[in-house]
file final_36.cif (mmCIF, C-alpha atoms; chains and numbers go by the auth columns)
data_entry
loop_
_atom_site.group_PDB
_atom_site.id
_atom_site.type_symbol
_atom_site.label_atom_id
_atom_site.label_comp_id
_atom_site.label_asym_id
_atom_site.label_seq_id
_atom_site.Cartn_x
_atom_site.Cartn_y
_atom_site.Cartn_z
_atom_site.B_iso_or_equiv
_atom_site.auth_seq_id
_atom_site.auth_asym_id
ATOM 1 C CA LEU A 1 294.564 72.802 -81.693 0.00 632 T
ATOM 2 C CA ASP A 2 294.535 75.306 -84.566 0.00 633 T
ATOM 3 C CA PRO A 3 298.165 76.138 -85.455 0.00 634 T
ATOM 4 C CA TYR A 4 297.497 79.889 -85.716 0.00 635 T
ATOM 5 C CA VAL A 5 295.720 79.975 -82.350 0.00 636 T
ATOM 6 C CA ALA A 6 298.458 77.833 -80.782 0.00 637 T
ATOM 7 C CA THR A 7 301.224 80.086 -82.109 0.00 638 T
ATOM 8 C CA GLY A 8 299.355 83.156 -80.840 0.00 639 T
ATOM 9 C CA LEU A 9 299.011 81.564 -77.398 0.00 640 T
ATOM 10 C CA LEU A 10 302.687 80.636 -77.384 0.00 641 T
ATOM 11 C CA ASP A 11 303.597 84.227 -78.157 0.00 642 T
ATOM 12 C CA VAL A 12 301.449 85.488 -75.262 0.00 643 T
ATOM 13 C CA TYR A 13 302.941 82.952 -72.834 0.00 644 T
ATOM 14 C CA ALA A 14 306.470 83.709 -74.060 0.00 645 T
ATOM 15 C CA LYS A 15 306.026 87.436 -73.443 0.00 646 T
ATOM 16 C CA GLY A 16 304.535 86.736 -70.024 0.00 647 T
ATOM 17 C CA GLY A 17 307.234 84.229 -69.115 0.00 648 T
ATOM 18 C CA ASP A 18 304.699 81.444 -68.451 0.00 649 T
ATOM 19 C CA LEU A 19 306.886 78.470 -69.353 0.00 650 T
ATOM 20 C CA VAL A 20 304.562 75.718 -68.067 0.00 651 T
ATOM 21 C CA SER A 21 301.582 76.910 -70.141 0.00 652 T
ATOM 22 C CA ALA A 22 303.793 77.475 -73.186 0.00 653 T
ATOM 23 C CA GLU A 23 305.168 73.921 -73.007 0.00 654 T
ATOM 24 C CA LYS A 24 301.636 72.476 -72.718 0.00 655 T
ATOM 25 C CA VAL A 25 300.534 74.300 -75.876 0.00 656 T
ATOM 26 C CA PHE A 26 303.736 73.448 -77.736 0.00 657 T
ATOM 27 C CA ASP A 27 303.521 69.743 -76.846 0.00 658 T
ATOM 28 C CA ARG A 28 299.941 69.581 -78.178 0.00 659 T
ATOM 29 C CA MET A 29 300.847 71.013 -81.577 0.00 660 T
ATOM 30 C CA PRO A 30 300.696 68.318 -84.292 0.00 661 T
ATOM 31 C CA GLN A 31 303.042 70.344 -86.496 0.00 662 T
ATOM 32 C CA ARG A 32 305.548 72.855 -85.256 0.00 663 T
ATOM 33 C CA SER A 33 306.222 75.782 -87.519 0.00 664 T
ATOM 34 C CA LEU A 34 309.283 78.003 -87.617 0.00 665 T
ATOM 35 C CA VAL A 35 307.289 80.730 -85.842 0.00 666 T
ATOM 36 C CA SER A 36 305.972 78.455 -83.066 0.00 667 T
ATOM 37 C CA SER A 37 309.400 76.906 -82.423 0.00 668 T
ATOM 38 C CA THR A 38 310.971 80.376 -82.241 0.00 669 T
ATOM 39 C CA ALA A 39 308.259 81.493 -79.796 0.00 670 T
ATOM 40 C CA MET A 40 309.054 78.474 -77.602 0.00 671 T
ATOM 41 C CA ILE A 41 312.793 79.235 -77.730 0.00 672 T
ATOM 42 C CA THR A 42 311.957 82.807 -76.684 0.00 673 T
ATOM 43 C CA CYS A 43 310.025 81.450 -73.714 0.00 674 T
ATOM 44 C CA TYR A 44 312.944 79.243 -72.646 0.00 675 T
ATOM 45 C CA THR A 45 315.510 82.052 -72.952 0.00 676 T
ATOM 46 C CA LYS A 46 313.311 84.499 -71.016 0.00 677 T
ATOM 47 C CA GLN A 47 313.343 82.013 -68.150 0.00 678 T
ATOM 48 C CA GLY A 48 317.122 81.602 -68.472 0.00 679 T
ATOM 49 C CA ASN A 49 316.783 77.977 -69.591 0.00 680 T
ATOM 50 C CA VAL A 50 319.323 78.246 -72.412 0.00 681 T
ATOM 51 C CA GLU A 51 319.965 74.480 -72.522 0.00 682 T
ATOM 52 C CA ALA A 52 316.345 73.689 -73.397 0.00 683 T
ATOM 53 C CA ALA A 53 316.333 76.598 -75.852 0.00 684 T
ATOM 54 C CA ARG A 54 319.472 75.344 -77.598 0.00 685 T
ATOM 55 C CA GLY A 55 318.126 71.787 -77.711 0.00 686 T
ATOM 56 C CA LEU A 56 315.016 72.966 -79.536 0.00 687 T
ATOM 57 C CA PHE A 57 317.054 75.334 -81.724 0.00 688 T
ATOM 58 C CA ASP A 58 319.284 72.457 -82.861 0.00 689 T
ATOM 59 C CA ARG A 59 316.246 70.269 -83.652 0.00 690 T
ATOM 60 C CA MET A 60 314.635 72.873 -85.923 0.00 691 T
ATOM 61 C CA CYS A 61 314.478 71.844 -89.586 0.00 692 T
ATOM 62 C CA GLU A 62 314.776 75.441 -90.726 0.00 693 T
ATOM 63 C CA ARG A 63 315.833 78.619 -88.949 0.00 694 T
ATOM 64 C CA ASP A 64 315.405 82.243 -89.905 0.00 695 T
ATOM 65 C CA ILE A 65 317.391 85.186 -88.555 0.00 696 T
ATOM 66 C CA VAL A 66 314.786 85.732 -85.813 0.00 697 T
ATOM 67 C CA SER A 67 315.422 82.274 -84.322 0.00 698 T
ATOM 68 C CA TRP A 68 319.209 82.801 -84.507 0.00 699 T
ATOM 69 C CA ASN A 69 318.852 86.202 -82.841 0.00 700 T
ATOM 70 C CA VAL A 70 316.703 84.852 -80.012 0.00 701 T
ATOM 71 C CA MET A 71 319.274 82.147 -79.278 0.00 702 T
ATOM 72 C CA ILE A 72 322.353 84.413 -79.522 0.00 703 T
ATOM 73 C CA ASP A 73 320.695 87.096 -77.390 0.00 704 T
ATOM 74 C CA GLY A 74 319.513 84.460 -74.905 0.00 705 T
ATOM 75 C CA TYR A 75 323.106 83.361 -74.388 0.00 706 T
ATOM 76 C CA ALA A 76 324.351 86.956 -74.111 0.00 707 T
ATOM 77 C CA GLN A 77 321.641 87.997 -71.626 0.00 708 T
ATOM 78 C CA HIS A 78 322.084 85.013 -69.319 0.00 709 T
ATOM 79 C CA GLY A 79 325.834 84.886 -68.792 0.00 710 T
ATOM 80 C CA PHE A 80 326.945 82.672 -71.671 0.00 711 T
ATOM 81 C CA PRO A 81 328.934 85.153 -73.792 0.00 712 T
ATOM 82 C CA ASN A 82 331.325 82.554 -75.211 0.00 713 T
ATOM 83 C CA GLU A 83 328.408 80.461 -76.441 0.00 714 T
ATOM 84 C CA ALA A 84 326.857 83.581 -78.006 0.00 715 T
ATOM 85 C CA LEU A 85 330.080 84.292 -79.910 0.00 716 T
ATOM 86 C CA MET A 86 330.410 80.684 -81.056 0.00 717 T
ATOM 87 C CA LEU A 87 326.823 80.660 -82.304 0.00 718 T
ATOM 88 C CA PHE A 88 327.440 83.916 -84.194 0.00 719 T
ATOM 89 C CA GLN A 89 330.465 82.282 -85.853 0.00 720 T
ATOM 90 C CA LYS A 90 328.295 79.266 -86.750 0.00 721 T
ATOM 91 C CA LEU A 91 325.738 81.604 -88.329 0.00 722 T
ATOM 92 C CA LEU A 92 328.449 83.233 -90.457 0.00 723 T
ATOM 93 C CA ALA A 93 329.799 79.820 -91.480 0.00 724 T
ATOM 94 C CA GLU A 94 326.355 78.738 -92.690 0.00 725 T
ATOM 95 C CA ARG A 95 326.127 81.898 -94.871 0.00 726 T
ATOM 96 C CA LYS A 96 322.335 81.971 -94.592 0.00 727 T
ATOM 97 C CA PRO A 97 320.434 83.686 -93.107 0.00 728 T
ATOM 98 C CA LYS A 98 322.371 86.957 -93.033 0.00 729 T
ATOM 99 C CA PRO A 99 322.948 88.719 -89.684 0.00 730 T
ATOM 100 C CA ASP A 100 321.017 91.924 -89.036 0.00 731 T
ATOM 101 C CA GLU A 101 321.221 94.790 -86.516 0.00 732 T
ATOM 102 C CA ILE A 102 319.734 92.671 -83.715 0.00 733 T
ATOM 103 C CA THR A 103 322.341 89.943 -84.307 0.00 734 T
ATOM 104 C CA VAL A 104 325.318 92.276 -84.019 0.00 735 T
ATOM 105 C CA VAL A 105 323.945 94.158 -80.998 0.00 736 T
ATOM 106 C CA ALA A 106 323.523 90.848 -79.113 0.00 737 T
ATOM 107 C CA THR A 107 326.974 89.615 -80.167 0.00 738 T
ATOM 108 C CA LEU A 108 328.658 92.910 -79.219 0.00 739 T
ATOM 109 C CA SER A 109 327.062 92.578 -75.777 0.00 740 T
ATOM 110 C CA ALA A 110 328.752 89.169 -75.478 0.00 741 T
ATOM 111 C CA CYS A 111 332.104 90.726 -76.475 0.00 742 T
ATOM 112 C CA SER A 112 331.637 93.404 -73.774 0.00 743 T
ATOM 113 C CA GLN A 113 331.144 90.781 -71.074 0.00 744 T
ATOM 114 C CA ILE A 114 334.422 88.954 -71.718 0.00 745 T
ATOM 115 C CA GLY A 115 336.580 91.833 -72.965 0.00 746 T
ATOM 116 C CA ALA A 116 336.812 90.320 -76.453 0.00 747 T
ATOM 117 C CA LEU A 117 338.186 93.469 -78.107 0.00 748 T
ATOM 118 C CA GLU A 118 339.500 91.820 -81.278 0.00 749 T
ATOM 119 C CA SER A 119 336.189 90.030 -81.869 0.00 750 T
ATOM 120 C CA GLY A 120 334.386 93.332 -81.298 0.00 751 T
ATOM 121 C CA ARG A 121 336.653 95.108 -83.778 0.00 752 T
ATOM 122 C CA TRP A 122 336.061 92.355 -86.334 0.00 753 T
ATOM 123 C CA ILE A 123 332.295 92.770 -85.933 0.00 754 T
ATOM 124 C CA HIS A 124 332.679 96.556 -86.375 0.00 755 T
ATOM 125 C CA VAL A 125 334.468 95.989 -89.707 0.00 756 T
ATOM 126 C CA PHE A 126 331.850 93.384 -90.657 0.00 757 T
ATOM 127 C CA ILE A 127 329.092 95.967 -90.035 0.00 758 T
ATOM 128 C CA LYS A 128 330.882 98.596 -92.135 0.00 759 T
ATOM 129 C CA ASN A 129 331.224 96.125 -95.018 0.00 760 T
ATOM 130 C CA SER A 130 327.641 94.911 -94.759 0.00 761 T
ATOM 131 C CA ARG A 131 324.994 96.319 -97.063 0.00 762 T
ATOM 132 C CA ARG A 132 322.291 94.932 -94.808 0.00 763 T
ATOM 133 C CA ILE A 133 323.310 96.397 -91.432 0.00 764 T
ATOM 134 C CA ARG A 134 323.101 100.137 -90.802 0.00 765 T
ATOM 135 C CA LEU A 135 325.205 101.960 -88.242 0.00 766 T
ATOM 136 C CA ASN A 136 322.094 103.268 -86.510 0.00 767 T
ATOM 137 C CA VAL A 137 321.986 104.556 -82.934 0.00 768 T
ATOM 138 C CA LYS A 138 321.371 101.079 -81.419 0.00 769 T
ATOM 139 C CA VAL A 139 324.307 99.493 -83.232 0.00 770 T
ATOM 140 C CA CYS A 140 326.558 102.470 -82.452 0.00 771 T
ATOM 141 C CA THR A 141 325.608 102.353 -78.759 0.00 772 T
ATOM 142 C CA ALA A 142 326.473 98.642 -78.638 0.00 773 T
ATOM 143 C CA LEU A 143 329.863 99.485 -80.192 0.00 774 T
ATOM 144 C CA ILE A 144 330.471 102.335 -77.697 0.00 775 T
ATOM 145 C CA ASP A 145 329.638 100.006 -74.811 0.00 776 T
ATOM 146 C CA MET A 146 331.828 97.222 -76.211 0.00 777 T
ATOM 147 C CA TYR A 147 334.869 99.451 -76.811 0.00 778 T
ATOM 148 C CA SER A 148 334.513 101.087 -73.369 0.00 779 T
ATOM 149 C CA LYS A 149 334.198 97.780 -71.529 0.00 780 T
ATOM 150 C CA CYS A 150 337.016 96.203 -73.554 0.00 781 T
ATOM 151 C CA GLY A 151 339.392 99.020 -72.575 0.00 782 T
ATOM 152 C CA SER A 152 339.531 101.039 -75.799 0.00 783 T
ATOM 153 C CA LEU A 153 338.029 104.399 -74.861 0.00 784 T
ATOM 154 C CA ASP A 154 339.491 106.175 -77.911 0.00 785 T
ATOM 155 C CA GLU A 155 337.557 103.896 -80.267 0.00 786 T
ATOM 156 C CA ALA A 156 334.398 104.381 -78.184 0.00 787 T
ATOM 157 C CA ILE A 157 334.756 108.168 -78.557 0.00 788 T
ATOM 158 C CA LEU A 158 335.210 107.883 -82.339 0.00 789 T
ATOM 159 C CA VAL A 159 332.015 105.834 -82.645 0.00 790 T
ATOM 160 C CA PHE A 160 330.119 108.205 -80.326 0.00 791 T
ATOM 161 C CA ASN A 161 331.120 111.234 -82.398 0.00 792 T
ATOM 162 C CA ASP A 162 329.814 109.525 -85.552 0.00 793 T
ATOM 163 C CA THR A 163 326.579 108.257 -83.976 0.00 794 T
ATOM 164 C CA PRO A 164 323.477 109.586 -85.763 0.00 795 T
ATOM 165 C CA ARG A 165 320.535 110.937 -83.742 0.00 796 T
ATOM 166 C CA LYS A 166 322.003 110.101 -80.342 0.00 797 T
ATOM 167 C CA ASP A 167 319.399 109.028 -77.795 0.00 798 T
ATOM 168 C CA ILE A 168 319.803 108.995 -74.010 0.00 799 T
ATOM 169 C CA VAL A 169 321.137 105.413 -74.098 0.00 800 T
ATOM 170 C CA ALA A 170 324.025 106.476 -76.367 0.00 801 T
ATOM 171 C CA TRP A 171 324.902 109.454 -74.135 0.00 802 T
ATOM 172 C CA ASN A 172 324.700 107.214 -71.047 0.00 803 T
ATOM 173 C CA ALA A 173 327.070 104.678 -72.624 0.00 804 T
ATOM 174 C CA MET A 174 329.677 107.364 -73.319 0.00 805 T
ATOM 175 C CA ILE A 175 329.318 109.050 -69.911 0.00 806 T
ATOM 176 C CA SER A 176 329.707 105.638 -68.267 0.00 807 T
ATOM 177 C CA GLY A 177 332.716 104.875 -70.493 0.00 808 T
ATOM 178 C CA TYR A 178 334.492 108.035 -69.350 0.00 809 T
ATOM 179 C CA ALA A 179 333.599 107.295 -65.709 0.00 810 T
ATOM 180 C CA VAL A 180 334.873 103.704 -65.765 0.00 811 T
ATOM 181 C CA HIS A 181 338.164 104.819 -67.291 0.00 812 T
ATOM 182 C CA GLY A 182 338.651 107.522 -64.646 0.00 813 T
ATOM 183 C CA TYR A 183 337.981 110.526 -66.895 0.00 814 T
ATOM 184 C CA SER A 184 335.728 112.264 -64.387 0.00 815 T
ATOM 185 C CA GLN A 185 335.838 115.777 -65.824 0.00 816 T
ATOM 186 C CA GLU A 186 335.115 114.505 -69.341 0.00 817 T
ATOM 187 C CA ALA A 187 332.065 112.599 -68.064 0.00 818 T
ATOM 188 C CA LEU A 188 330.718 115.740 -66.381 0.00 819 T
ATOM 189 C CA ARG A 189 331.531 117.881 -69.437 0.00 820 T
ATOM 190 C CA LEU A 190 329.645 115.444 -71.664 0.00 821 T
ATOM 191 C CA PHE A 191 326.628 115.598 -69.357 0.00 822 T
ATOM 192 C CA ASP A 192 326.672 119.413 -69.563 0.00 823 T
ATOM 193 C CA GLU A 193 326.924 119.183 -73.353 0.00 824 T
ATOM 194 C CA MET A 194 323.968 116.800 -73.447 0.00 825 T
ATOM 195 C CA GLN A 195 321.864 119.139 -71.328 0.00 826 T
ATOM 196 C CA GLY A 196 322.847 122.186 -73.353 0.00 827 T
ATOM 197 C CA THR A 197 322.356 120.778 -76.840 0.00 828 T
ATOM 198 C CA THR A 198 319.843 117.920 -76.884 0.00 829 T
ATOM 199 C CA GLY A 199 316.915 118.495 -74.548 0.00 830 T
ATOM 200 C CA LEU A 200 317.160 114.836 -73.496 0.00 831 T
ATOM 201 C CA LYS A 201 316.164 114.008 -69.923 0.00 832 T
ATOM 202 C CA PRO A 202 318.746 112.085 -67.888 0.00 833 T
ATOM 203 C CA THR A 203 317.759 108.705 -66.457 0.00 834 T
ATOM 204 C CA ASP A 204 318.873 106.818 -63.359 0.00 835 T
ATOM 205 C CA ILE A 205 321.574 105.194 -65.543 0.00 836 T
ATOM 206 C CA THR A 206 322.928 108.665 -66.391 0.00 837 T
ATOM 207 C CA PHE A 207 323.354 109.415 -62.700 0.00 838 T
ATOM 208 C CA ILE A 208 324.992 106.065 -61.952 0.00 839 T
ATOM 209 C CA GLY A 209 327.666 107.050 -64.502 0.00 840 T
ATOM 210 C CA LEU A 210 327.992 110.606 -63.175 0.00 841 T
ATOM 211 C CA LEU A 211 328.252 109.547 -59.528 0.00 842 T
ATOM 212 C CA GLN A 212 330.794 106.910 -60.514 0.00 843 T
ATOM 213 C CA ALA A 213 332.783 109.668 -62.244 0.00 844 T
ATOM 214 C CA CYS A 214 332.645 111.855 -59.132 0.00 845 T
ATOM 215 C CA ALA A 215 333.726 108.942 -56.921 0.00 846 T
ATOM 216 C CA HIS A 216 336.676 108.086 -59.207 0.00 847 T
ATOM 217 C CA GLY A 217 337.783 111.711 -59.356 0.00 848 T
ATOM 218 C CA GLY A 218 337.285 112.489 -55.666 0.00 849 T
ATOM 219 C CA LEU A 219 334.775 115.190 -56.620 0.00 850 T
ATOM 220 C CA VAL A 220 332.788 115.118 -53.383 0.00 851 T
ATOM 221 C CA LYS A 221 330.913 118.433 -53.746 0.00 852 T
ATOM 222 C CA GLU A 222 330.023 117.704 -57.349 0.00 853 T
ATOM 223 C CA GLY A 223 328.821 114.231 -56.352 0.00 854 T
ATOM 224 C CA VAL A 224 326.568 115.607 -53.613 0.00 855 T
ATOM 225 C CA ARG A 225 325.168 118.207 -56.035 0.00 856 T
ATOM 226 C CA MET A 226 324.437 115.505 -58.619 0.00 857 T
ATOM 227 C CA PHE A 227 322.807 113.257 -56.025 0.00 858 T
ATOM 228 C CA GLU A 228 320.540 116.071 -54.832 0.00 859 T
ATOM 229 C CA SER A 229 319.600 117.158 -58.354 0.00 860 T
ATOM 230 C CA MET A 230 318.424 113.616 -59.161 0.00 861 T
ATOM 231 C CA GLY A 231 315.344 113.992 -57.001 0.00 862 T
ATOM 232 C CA GLN A 232 314.904 117.757 -56.944 0.00 863 T
ATOM 233 C CA GLU A 233 315.331 118.498 -60.661 0.00 864 T
ATOM 234 C CA TYR A 234 314.520 115.210 -62.363 0.00 865 T
ATOM 235 C CA GLY A 235 312.311 113.296 -59.931 0.00 866 T
ATOM 236 C CA ILE A 236 314.550 110.221 -59.974 0.00 867 T
ATOM 237 C CA LYS A 237 314.485 108.168 -56.784 0.00 868 T
ATOM 238 C CA PRO A 238 317.946 106.985 -55.697 0.00 869 T
ATOM 239 C CA LYS A 239 318.557 103.229 -55.909 0.00 870 T
ATOM 240 C CA ILE A 240 321.195 101.024 -54.283 0.00 871 T
ATOM 241 C CA GLU A 241 323.458 101.505 -57.334 0.00 872 T
ATOM 242 C CA HIS A 242 323.574 105.238 -56.608 0.00 873 T
#
call {"tool": "encode", "arguments": {"input": "final_36.cif", "output": "structure tokens"}}
result
Amino acid sequence: LDPYVATGLLDVYAKGGDLVSAEKVFDRMPQRSLVSSTAMITCYTKQGNVEAARGLFDRMCERDIVSWNVMIDGYAQHGFPNEALMLFQKLLAERKPKPDEITVVATLSACSQIGALESGRWIHVFIKNSRRIRLNVKVCTALIDMYSKCGSLDEAILVFNDTPRKDIVAWNAMISGYAVHGYSQEALRLFDEMQGTTGLKPTDITFIGLLQACAHGGLVKEGVRMFESMGQEYGIKPKIEH
């Protein structure tokens, strides 16, 4: 089996989540490259099989930042935040390769899940001191989410105010942060500001945050108005979360 063809097939199966076919191709490869091994790890993590992914990760002769990112993110996405943090620490200890934006976003997600505020703060400082990692909108949104979920709304607000080119995901994170902390009026004010200044269209996630804010604040009329505007103004079908 030609290694380039095999790696291409692996990539297709990984994206489609076809683990059985991916394993068949991988097992037939006479030599496994960094790219093919990373594609197989991706396939395992997409299926939530983090044990098999880690086993292969540990057997790799060389690893680049992509393979580290796939493994850290796999842990973070499938309910193993402590393992994600430990692997990030292992990456730092090895000094090479250097973390990038994808690494810190995945690790901040892990911090959010377990309320690891001090670890999150350390990563924030690490980002600021890094020449490689930019505080772009994705990284800033991960920081906003982390600070909000770890109980430090003030720090979330500071990051939000400094976020460049805010997209809808960044606004949603801050609206949700206000809502979770019981600042109902601030959540609604921020939504009005977003509508008045950005031209961004709200998503179903926006309305989950807004309705949560109304529920926390006992704002029944406002909640009903928001719920109705979802379908009438924005064409968003209510889900169970709403």
call {"tool": "closest_residue", "arguments": {"input": "final_36.cif", "among": "T:Thr738, T:Asn767, T:Gln863, T:Gln708", "to": "Trp753 in chain T", "atoms": "all atoms listed in the file"}}
result
T:Thr738
call {"tool": "resolve_selection", "arguments": {"input": "final_36.cif", "expression": "the PyMOL selection byres ((chain T and resi 732-736) around 6)", "output": "list in words"}}
result
Asn700, Pro730, Asp731, Ala737, Thr738, Leu739, Ile764, Val770 and Ala773 of chain T
call {"tool": "residues_around", "arguments": {"input": "final_36.cif", "residues": "Ile867 in chain T", "least_positions_apart": "2", "cutoff": "12 Å", "atoms": "all atoms listed in the file", "output": "PDB file with C-alpha atoms, keeping the file's coordinate frame"}}
result
ATOM      1  CA  LYS T 832     316.164 114.008 -69.923  1.00  0.00           C
ATOM      2  CA  PRO T 833     318.746 112.085 -67.888  1.00  0.00           C
ATOM      3  CA  THR T 834     317.759 108.705 -66.457  1.00  0.00           C
ATOM      4  CA  ASP T 835     318.873 106.818 -63.359  1.00  0.00           C
ATOM      5  CA  ILE T 836     321.574 105.194 -65.543  1.00  0.00           C
ATOM      6  CA  THR T 837     322.928 108.665 -66.391  1.00  0.00           C
ATOM      7  CA  PHE T 838     323.354 109.415 -62.700  1.00  0.00           C
ATOM      8  CA  ILE T 839     324.992 106.065 -61.952  1.00  0.00           C
ATOM      9  CA  MET T 857     324.437 115.505 -58.619  1.00  0.00           C
ATOM     10  CA  PHE T 858     322.807 113.257 -56.025  1.00  0.00           C
ATOM     11  CA  GLU T 859     320.540 116.071 -54.832  1.00  0.00           C
ATOM     12  CA  SER T 860     319.600 117.158 -58.354  1.00  0.00           C
ATOM     13  CA  MET T 861     318.424 113.616 -59.161  1.00  0.00           C
ATOM     14  CA  GLY T 862     315.344 113.992 -57.001  1.00  0.00           C
ATOM     15  CA  GLN T 863     314.904 117.757 -56.944  1.00  0.00           C
ATOM     16  CA  GLU T 864     315.331 118.498 -60.661  1.00  0.00           C
ATOM     17  CA  TYR T 865     314.520 115.210 -62.363  1.00  0.00           C
ATOM     18  CA  PRO T 869     317.946 106.985 -55.697  1.00  0.00           C
ATOM     19  CA  LYS T 870     318.557 103.229 -55.909  1.00  0.00           C
ATOM     20  CA  HIS T 873     323.574 105.238 -56.608  1.00  0.00           C
TER      21      HIS T 873
END
call {"tool": "closest_residue", "arguments": {"input": "final_36.cif", "among": "T:Glu853, T:Glu725, T:Asp689, T:Asp633", "to": "Gln816 in chain T", "atoms": "all atoms listed in the file"}}
result
T:Glu853
call {"tool": "resolve_selection", "arguments": {"input": "final_36.cif", "expression": "the PyMOL selection byres ((chain T and resi 748) around 9)", "output": "list in words"}}
result
Cys742, Ser743, Ile745, Gly746, Ala747, Glu749, Ser750, Gly751, Arg752, Trp753, Met777, Tyr778, Lys780, Cys781, Gly782 and Ser783 of chain T
call {"tool": "atom_distance", "arguments": {"input": "final_36.cif", "atom1": "CA of Arg762 in chain T", "atom2": "CA of Ala724 in chain T"}}
result
18.1 Å
call {"tool": "resolve_selection", "arguments": {"input": "final_36.cif", "expression": "the PyMOL selection byres ((chain T and resi 707) around 9)", "output": "list in words"}}
result
Met702, Ile703, Asp704, Gly705, Tyr706, Gln708, His709, Gly710, Phe711, Pro712, Asn713, Glu714, Ala715, Leu716, Ala737, Thr738, Leu739, Ser740, Ala741, Cys742 and Gln744 of chain T
call {"tool": "write_last_selection", "arguments": {"input": "final_36.cif", "atoms": "C-alpha atoms", "output": "mmCIF file, keeping the file's coordinate frame"}}
result
data_model
loop_
_atom_site.group_PDB
_atom_site.id
_atom_site.type_symbol
_atom_site.label_atom_id
_atom_site.label_comp_id
_atom_site.auth_asym_id
_atom_site.auth_seq_id
_atom_site.Cartn_x
_atom_site.Cartn_y
_atom_site.Cartn_z
ATOM 1 C CA MET T 702 319.274 82.147 -79.278
ATOM 2 C CA ILE T 703 322.353 84.413 -79.522
ATOM 3 C CA ASP T 704 320.695 87.096 -77.390
ATOM 4 C CA GLY T 705 319.513 84.460 -74.905
ATOM 5 C CA TYR T 706 323.106 83.361 -74.388
ATOM 6 C CA GLN T 708 321.641 87.997 -71.626
ATOM 7 C CA HIS T 709 322.084 85.013 -69.319
ATOM 8 C CA GLY T 710 325.834 84.886 -68.792
ATOM 9 C CA PHE T 711 326.945 82.672 -71.671
ATOM 10 C CA PRO T 712 328.934 85.153 -73.792
ATOM 11 C CA ASN T 713 331.325 82.554 -75.211
ATOM 12 C CA GLU T 714 328.408 80.461 -76.441
ATOM 13 C CA ALA T 715 326.857 83.581 -78.006
ATOM 14 C CA LEU T 716 330.080 84.292 -79.910
ATOM 15 C CA ALA T 737 323.523 90.848 -79.113
ATOM 16 C CA THR T 738 326.974 89.615 -80.167
ATOM 17 C CA LEU T 739 328.658 92.910 -79.219
ATOM 18 C CA SER T 740 327.062 92.578 -75.777
ATOM 19 C CA ALA T 741 328.752 89.169 -75.478
ATOM 20 C CA CYS T 742 332.104 90.726 -76.475
ATOM 21 C CA GLN T 744 331.144 90.781 -71.074
#
call {"tool": "atom_distance", "arguments": {"input": "final_36.cif", "atom1": "CA of His755 in chain T", "atom2": "CA of Lys729 in chain T"}}
result
15.6 Å
call {"tool": "atom_distance", "arguments": {"input": "final_36.cif", "atom1": "CA of Ala645 in chain T", "atom2": "CA of Met717 in chain T"}}
result
25.1 Å
call {"tool": "closest_residue", "arguments": {"input": "final_36.cif", "among": "T:Ala670, T:Leu850, T:Leu789, T:Leu723", "to": "Gly647 in chain T", "atoms": "only C-alpha atoms"}}
result
T:Ala670
call {"tool": "axis_aligned_box", "arguments": {"input": "final_36.cif", "around": "range 834-848 of chain T", "padding_each_side": "3 Å", "output": "JSON"}}
result
{"center_x": 327.8, "center_y": 108.5, "center_z": -61.7, "size_x": 26.0, "size_y": 12.7, "size_z": 15.5}
call {"tool": "residues_around", "arguments": {"input": "final_36.cif", "residues": "Gly808 in chain T", "least_positions_apart": "3", "cutoff": "9 Å", "atoms": "only C-alpha atoms", "output": "MDAnalysis selection string"}}
result
chainID T and resid 775:776 778:780 784 787:788 803:805 811:814 818 840
call {"tool": "residues_around", "arguments": {"input": "final_36.cif", "residues": "Gln678 in chain T", "least_positions_apart": "4", "cutoff": "8 Å", "atoms": "all atoms listed in the file", "output": "PyMOL selection string"}}
result
chain T and resi 648+650+674
call {"tool": "closest_residue", "arguments": {"input": "final_36.cif", "among": "T:Ala637, T:Ile696, T:Ile672, T:Val681", "to": "Arg726 in chain T", "atoms": "only C-alpha atoms"}}
result
T:Ile696
call {"tool": "residues_around", "arguments": {"input": "final_36.cif", "residues": "Asp798 in chain T", "least_positions_apart": "2", "cutoff": "8 Å", "atoms": "all atoms listed in the file", "output": "PyMOL selection string"}}
result
chain T and resi 768+796+800-802+831
call {"tool": "closest_residue", "arguments": {"input": "final_36.cif", "among": "T:Met691, T:Asp793, T:Leu841, T:Ile754", "to": "Phe719 in chain T", "atoms": "only C-alpha atoms"}}
result
T:Ile754
